[in-house]
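Novice: Below you'll find my_file_14.txt; it's compact mmCIF, C-alpha atoms.
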```txt
# COMPACT_ATOMS: atom_id res chain seq x y z
CA MET A 99 53.27 57.24 101.51
CA ALA A 100 53.57 60.88 100.37
CA PRO A 101 56.87 62.01 98.75
CA LEU A 102 59.29 63.89 101.02
CA GLU A 103 59.32 67.61 100.28
CA ILE A 104 62.24 69.77 101.41
CA ARG A 105 61.68 73.51 101.56
CA MET A 106 64.34 76.16 101.99
CA PRO A 107 63.57 79.08 104.29
CA PRO A 108 62.66 82.18 102.23
CA GLU A 109 65.90 84.06 103.07
CA THR A 110 68.08 81.24 101.67
CA SER A 111 66.03 80.19 98.67
CA ALA A 112 68.73 81.05 96.10
CA PRO A 113 69.23 78.60 93.24
CA VAL A 114 71.55 75.69 94.03
CA ASN A 115 74.25 76.84 91.60
CA THR A 116 74.52 80.33 93.14
CA PRO A 117 77.28 80.51 95.78
CA ALA A 118 76.64 82.14 99.10
CA THR A 119 77.77 85.76 99.21
CA ASP A 120 80.54 84.99 101.70
CA MET A 121 81.97 82.13 99.62
CA ASN A 122 84.05 84.46 97.43
CA HIS A 123 86.11 85.51 100.45
CA LEU A 124 86.49 81.87 101.53
CA ALA A 125 87.60 80.90 98.02
CA GLN A 126 90.25 83.65 98.06
CA LEU A 127 91.59 82.37 101.38
CA VAL A 128 91.70 78.77 100.13
CA ARG A 129 93.56 79.85 96.97
CA ALA A 130 96.04 81.81 99.09
CA LEU A 131 96.69 78.77 101.30
CA LEU A 132 97.13 76.54 98.26
CA SER A 133 99.64 78.94 96.73
CA LEU A 134 101.64 78.86 99.96
CA SER A 135 101.80 75.07 99.82
CA GLU A 136 103.07 75.33 96.23
CA LYS A 137 105.93 77.64 97.33
CA ARG A 138 104.37 80.65 95.64
CA GLY A 139 103.29 83.72 97.48
CA PRO A 140 99.61 84.47 98.00
CA ILE A 141 97.65 86.71 95.65
CA VAL A 142 96.14 89.43 97.79
CA PRO A 143 93.45 91.98 96.86
CA LEU A 144 94.30 95.64 97.36
CA GLY A 145 91.82 98.27 98.46
CA GLY A 146 90.29 96.18 101.21
CA THR A 147 91.19 95.94 104.86
CA LEU A 148 94.74 94.53 104.55
CA PHE A 149 96.98 97.16 102.96
CA ASP A 150 97.69 99.45 100.01
CA VAL A 151 101.13 99.54 98.39
CA VAL A 152 103.55 102.31 97.45
CA LEU A 153 105.75 101.59 94.46
CA PHE A 154 109.10 103.42 94.17
CA ALA A 155 112.42 102.99 92.38
CA ALA A 156 115.05 100.62 93.72
CA GLY A 157 118.78 101.41 93.62
CA PRO A 158 120.89 103.53 95.95
CA GLN A 159 118.16 106.14 96.58
CA GLY A 160 115.49 103.47 97.17
CA ASP A 161 117.79 101.67 99.60
CA ALA A 162 118.39 104.99 101.39
CA VAL A 163 114.61 105.39 101.77
CA VAL A 164 114.36 101.96 103.44
CA ARG A 165 117.32 102.70 105.75
CA ALA A 166 115.73 106.03 106.72
CA LEU A 167 112.50 104.19 107.56
CA ASP A 168 114.48 101.72 109.69
CA GLU A 169 115.62 104.69 111.79
CA LEU A 170 112.26 106.50 111.83
CA GLN A 171 109.99 103.53 112.62
CA GLN A 172 111.27 102.46 116.00
CA PRO A 173 111.35 100.09 117.82
CA HIS A 174 110.84 97.54 115.01
CA GLY A 175 112.33 99.40 112.05
CA CYS A 176 110.83 99.66 108.60
CA GLY A 177 107.61 97.80 107.91
CA PRO A 178 107.27 95.27 105.08
CA VAL A 179 108.96 96.09 101.76
CA ILE A 180 109.17 93.84 98.69
CA ALA A 181 112.10 94.13 96.27
CA ASP A 182 111.77 93.02 92.66
CA PRO A 183 115.22 93.10 91.06
CA ASP A 184 113.81 92.08 87.67
CA SER A 185 111.77 95.28 87.41
CA ALA A 186 113.99 97.48 89.67
CA TRP A 187 111.10 98.55 91.94
CA LEU A 188 110.47 98.46 95.66
CA CYS A 189 106.98 98.02 97.04
CA ALA A 190 106.13 99.18 100.57
CA LEU A 191 103.00 97.88 102.30
CA VAL A 192 101.11 100.85 103.81
CA PRO A 193 97.79 101.06 105.72
CA PRO A 194 94.62 100.42 103.71
CA GLY A 195 92.99 103.57 102.35
CA THR A 196 96.28 105.47 101.97
CA SER A 197 95.77 105.72 98.21
CA LYS A 198 92.38 107.40 98.70
CA ARG A 199 92.99 109.80 101.53
CA SER A 200 96.54 110.77 102.27
CA TRP A 201 99.21 109.97 99.67
CA SER A 202 101.26 113.00 98.71
CA SER A 203 104.68 112.12 97.28
CA PRO A 204 105.64 112.53 93.62
CA TYR A 205 108.44 109.95 94.08
CA GLY A 206 106.15 106.99 94.73
CA CYS A 207 102.90 105.68 93.32
CA CYS A 208 100.31 104.60 95.89
CA ILE A 209 97.98 101.84 94.68
CA GLY A 210 94.86 100.66 96.46
CA ALA A 211 93.05 98.66 93.78
CA GLY A 212 93.73 95.42 91.95
CA ARG A 213 95.70 92.47 93.24
CA VAL A 214 99.34 91.82 94.08
CA GLN A 215 101.19 88.51 94.35
CA LEU A 216 103.35 88.57 97.44
CA PRO A 217 106.60 86.60 97.48
CA PRO A 218 106.67 83.55 99.77
CA MET A 219 107.32 84.64 103.36
CA GLN A 220 110.59 82.69 103.52
CA ARG A 221 112.08 84.32 100.38
CA ARG A 222 114.51 86.97 101.60
CA THR A 223 116.98 87.11 98.68
CA PRO A 224 116.92 87.05 94.86
CA PRO A 225 116.37 85.59 92.36
CA GLY A 226 112.95 87.09 91.81
CA ALA A 227 110.77 89.17 94.08
CA HIS A 228 111.65 88.84 97.76
CA TRP A 229 111.10 90.50 101.13
CA LEU A 230 113.70 93.28 101.54
CA ARG A 231 112.07 93.96 104.90
CA PRO A 232 109.84 91.05 105.90
CA THR A 233 106.75 91.37 108.02
CA GLN A 234 108.03 91.00 111.58
CA THR A 235 105.20 92.58 113.51
CA THR A 236 101.71 93.78 112.77
CA HIS A 237 102.85 97.27 111.74
CA LEU A 238 102.97 98.48 108.15
CA VAL A 239 105.14 101.20 106.63
CA GLY A 240 104.00 104.61 107.88
CA PRO A 241 102.83 106.63 104.86
CA VAL A 242 103.81 110.03 106.28
CA MET A 243 107.33 108.83 107.11
CA LEU A 244 107.59 107.09 103.72
CA ALA A 245 106.56 110.25 101.85
CA GLN A 246 109.10 112.23 103.90
CA ALA A 247 111.92 109.75 103.14
CA LEU A 248 110.98 109.64 99.43
CA GLY A 249 111.08 113.45 99.29
CA GLU A 250 114.47 113.52 100.96
CA HIS A 251 116.14 110.81 98.82
CA ARG A 252 114.14 111.25 95.54
CA PRO A 253 114.48 107.80 93.97
CA ARG A 254 114.20 107.80 90.17
CA PRO A 255 112.59 106.93 87.84
CA VAL A 256 109.18 107.78 89.21
CA PRO A 257 106.71 104.89 88.73
CA SER A 258 103.66 105.49 86.60
CA GLY A 259 101.42 102.81 88.10
CA PRO A 260 100.86 99.09 88.65
CA PRO A 261 102.07 97.84 85.25
CA ALA A 262 105.59 98.90 86.21
CA PHE A 263 105.68 96.21 88.91
CA ARG A 264 105.32 92.68 87.56
CA LEU A 265 103.66 91.33 90.72
CA PHE A 266 100.45 93.30 90.11
CA LEU A 267 97.73 91.13 88.63
```
What is this file in structure tokens?
Specialist:
Amino acid sequence: MAPLEIRMPPETSAPVNTPATDMNHLAQLVRALLSLSEKRGPIVPLGGTLFDVVLFAAGPQGDAVVRALDELQQPHGCGPVIADPDSAWLCALVPPGTSKRSWSSPYGCCIGAGRVQLPPMQRRTPPGAHWLRPTQTTHLVGPVMLAQALGEHRPRPVPSGPPAFRLFL
């Protein structure tokens, strides 16, 4: 009896230890689900199809920016905003690509590369990073309205980039 020979089709003849090209995305999703089960927020890549973030100072002026967005973004109010009292920054989730094409406020830093660890969805109060405005619908913070509110209320200090916010990885 001749030995059994298994042949891979030419288009899938990669070595066995090389993962399929779509496995990286699947691995990211699995890690995100595991972090949720461990009561940590998911680690999400920026610069893709989900969202970019705008980092701006917390405090009275930062709170005024969020209240202004609540009024401007009707009917659901302000989109998702993370507060990190340990670093005194607020982080607004804006549409993907904002950092590359349309950000124009000197009072906030728009970031569309790297990764960010989101707080668990149920965390709405300190200690630690929490959702000041949780995701309630599919809308994000409008970048034009955010830039307008930042210009009006001028929160300080002005962030210099991702290292200022401890949730960036």
Novice: Hey, can you check how far atom CA of Phe154 of chain A sits from atom CA of Gly206 of chain A?
Specialist: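 A separation of 4.7 Å between them.
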Novice: Give the answer as one residue: which of A:Gly146, A:Leu170, A:Cys176, A:Pro158 has the shortest atom-to-atom distance to Leu238 of chain A, using all atoms listed in the file?
Specialist: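 Looking at the shortest contact to Leu238 of chain A, the residue is A:Cys176.
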Novice: When distances are computed from only C-alpha atoms, which of A:Ser197, A:Ser202, A:Gln246, A:Thr223 shows the smallest separation from Ala166 of chain A?
Specialist: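 The answer is A:Gln246, which sits nearest to Ala166 of chain A.
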Novice: A:Arg231, A:Arg213, A:His174, A:Arg165: which is nearest Ala190 of chain A, counting only C-alpha atoms?
Specialist: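 Result for the nearest residue to Ala190 of chain A: A:Arg231.
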Novice: Considering all atoms listed in the file, can you say which of A:Gln172, A:Gln159, A:Ser258, A:Ser185 comes closest to Met243 of chain A?
Specialist: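 Looking only at the distances to Met243 of chain A, the closest residue turns out to be A:Gln172.
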Novice: Restricting the calculation to all atoms listed in the file: of A:Ala155, A:Leu148, A:Val163, A:Val242, which residue gets closest to Leu191 of chain A?
Specialist: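 Under the stated criterion, the closest residue is A:Leu148.
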Novice: Quick one: of A:Ile180, A:Ala227, A:Val142, A:Cys207, who's nearest to Ala245 of chain A, counting only C-alpha atoms?
Specialist: A:Cys207
Novice: Between atom CA of Val179 of chain A and atom CA of Pro232 of chain A, what is the distance in Å, rounded to a tenth?
Specialist: 6.6 Å
Novice: So how far away is atom CA of Val214 of chain A from atom CA of Thr236 of chain A, in Å?
Specialist: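 Atom CA of Thr236 of chain A sits 18.9 Å away from atom CA of Val214 of chain A.
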Novice: Please identify all polymer residues within 7 Å of Tyr205 of chain A, counting all atoms listed in the file, omitting same-chain residues fewer than 4 positions from it, and present them as an MDAnalysis selection string.
Specialist: chainID A and resid 154 248:249 252:253 256
Novice: Using 4 Å of padding on each side, determine the axis-aligned box around all atoms of segment 189-204 of chain A present in the file and give its centre and edge lengths in Å to one decimal, as JSON.
Specialist:
```
{"center_x": 99.7, "center_y": 105.4, "center_z": 99.7, "size_x": 22.6, "size_y": 23.1, "size_z": 20.1}
```
Novice: Some atoms are missing, so please complete segment 159-170 of chain A with all heavy atoms and return it as an mmCIF file, in the coordinates of the input.
Specialist:
```cif
data_model
loop_
_atom_site.group_PDB
_atom_site.id
_atom_site.type_symbol
_atom_site.label_atom_id
_atom_site.label_comp_id
_atom_site.auth_asym_id
_atom_site.auth_seq_id
_atom_site.Cartn_x
_atom_site.Cartn_y
_atom_site.Cartn_z
ATOM 1 N N GLN A 159 119.111 105.235 95.927
ATOM 2 C CA GLN A 159 118.160 106.140 96.580
ATOM 3 C C GLN A 159 117.020 105.355 97.231
ATOM 4 O O GLN A 159 116.563 105.700 98.319
ATOM 5 C CB GLN A 159 117.590 107.160 95.588
ATOM 6 C CG GLN A 159 118.590 108.186 95.138
ATOM 7 C CD GLN A 159 119.401 107.702 93.926
ATOM 8 O OE1 GLN A 159 119.137 106.647 93.362
ATOM 9 N NE2 GLN A 159 120.401 108.472 93.552
ATOM 10 N N GLY A 160 116.532 104.310 96.571
ATOM 11 C CA GLY A 160 115.490 103.470 97.170
ATOM 12 C C GLY A 160 115.970 102.786 98.436
ATOM 13 O O GLY A 160 115.252 102.722 99.432
ATOM 14 N N ASP A 161 117.213 102.286 98.399
ATOM 15 C CA ASP A 161 117.790 101.670 99.600
ATOM 16 C C ASP A 161 117.936 102.684 100.724
ATOM 17 O O ASP A 161 117.721 102.369 101.898
ATOM 18 C CB ASP A 161 119.147 101.044 99.274
ATOM 19 C CG ASP A 161 119.037 99.833 98.361
ATOM 20 O OD1 ASP A 161 117.932 99.239 98.254
ATOM 21 O OD2 ASP A 161 120.058 99.479 97.741
ATOM 22 N N ALA A 162 118.283 103.931 100.378
ATOM 23 C CA ALA A 162 118.390 104.990 101.390
ATOM 24 C C ALA A 162 117.035 105.277 102.027
ATOM 25 O O ALA A 162 116.943 105.554 103.228
ATOM 26 C CB ALA A 162 118.981 106.258 100.764
ATOM 27 N N VAL A 163 115.967 105.200 101.234
ATOM 28 C CA VAL A 163 114.610 105.390 101.770
ATOM 29 C C VAL A 163 114.323 104.316 102.818
ATOM 30 O O VAL A 163 113.846 104.616 103.921
ATOM 31 C CB VAL A 163 113.560 105.356 100.637
ATOM 32 C CG1 VAL A 163 112.145 105.253 101.201
ATOM 33 C CG2 VAL A 163 113.692 106.580 99.745
ATOM 34 N N VAL A 164 114.631 103.064 102.511
ATOM 35 C CA VAL A 164 114.360 101.960 103.440
ATOM 36 C C VAL A 164 115.209 102.110 104.703
ATOM 37 O O VAL A 164 114.712 101.913 105.823
ATOM 38 C CB VAL A 164 114.585 100.598 102.752
ATOM 39 C CG1 VAL A 164 114.445 99.453 103.743
ATOM 40 C CG2 VAL A 164 113.601 100.420 101.590
ATOM 41 N N ARG A 165 116.473 102.494 104.559
ATOM 42 C CA ARG A 165 117.320 102.700 105.750
ATOM 43 C C ARG A 165 116.780 103.843 106.610
ATOM 44 O O ARG A 165 116.784 103.753 107.837
ATOM 45 C CB ARG A 165 118.765 102.971 105.334
ATOM 46 C CG ARG A 165 119.514 101.718 104.892
ATOM 47 C CD ARG A 165 121.020 101.961 104.790
ATOM 48 N NE ARG A 165 121.364 103.072 103.909
ATOM 49 C CZ ARG A 165 121.498 102.986 102.588
ATOM 50 N NH1 ARG A 165 121.312 101.821 101.988
ATOM 51 N NH2 ARG A 165 121.832 104.044 101.877
ATOM 52 N N ALA A 166 116.307 104.920 105.964
ATOM 53 C CA ALA A 166 115.730 106.030 106.720
ATOM 54 C C ALA A 166 114.505 105.564 107.501
ATOM 55 O O ALA A 166 114.303 105.952 108.659
ATOM 56 C CB ALA A 166 115.371 107.183 105.789
ATOM 57 N N LEU A 167 113.681 104.719 106.876
ATOM 58 C CA LEU A 167 112.500 104.190 107.560
ATOM 59 C C LEU A 167 112.888 103.289 108.726
ATOM 60 O O LEU A 167 112.201 103.243 109.745
ATOM 61 C CB LEU A 167 111.588 103.465 106.586
ATOM 62 C CG LEU A 167 110.881 104.366 105.575
ATOM 63 C CD1 LEU A 167 110.211 103.531 104.490
ATOM 64 C CD2 LEU A 167 109.880 105.272 106.260
ATOM 65 N N ASP A 168 113.987 102.543 108.578
ATOM 66 C CA ASP A 168 114.480 101.720 109.690
ATOM 67 C C ASP A 168 114.754 102.589 110.912
ATOM 68 O O ASP A 168 114.465 102.197 112.047
ATOM 69 C CB ASP A 168 115.767 100.982 109.306
ATOM 70 C CG ASP A 168 115.517 99.755 108.450
ATOM 71 O OD1 ASP A 168 114.406 99.180 108.517
ATOM 72 O OD2 ASP A 168 116.442 99.357 107.715
ATOM 73 N N GLU A 169 115.306 103.779 110.688
ATOM 74 C CA GLU A 169 115.620 104.690 111.790
ATOM 75 C C GLU A 169 114.368 105.380 112.331
ATOM 76 O O GLU A 169 114.234 105.577 113.537
ATOM 77 C CB GLU A 169 116.627 105.736 111.333
ATOM 78 C CG GLU A 169 117.978 105.144 111.009
ATOM 79 C CD GLU A 169 118.943 106.167 110.429
ATOM 80 O OE1 GLU A 169 118.687 107.383 110.548
ATOM 81 O OE2 GLU A 169 119.955 105.739 109.856
ATOM 82 N N LEU A 170 113.445 105.756 111.424
ATOM 83 C CA LEU A 170 112.260 106.500 111.830
ATOM 84 C C LEU A 170 111.213 105.626 112.527
ATOM 85 O O LEU A 170 110.516 106.097 113.422
ATOM 86 C CB LEU A 170 111.611 107.178 110.616
ATOM 87 C CG LEU A 170 112.385 108.328 109.992
ATOM 88 C CD1 LEU A 170 111.770 108.715 108.655
ATOM 89 C CD2 LEU A 170 112.403 109.513 110.945
#
```
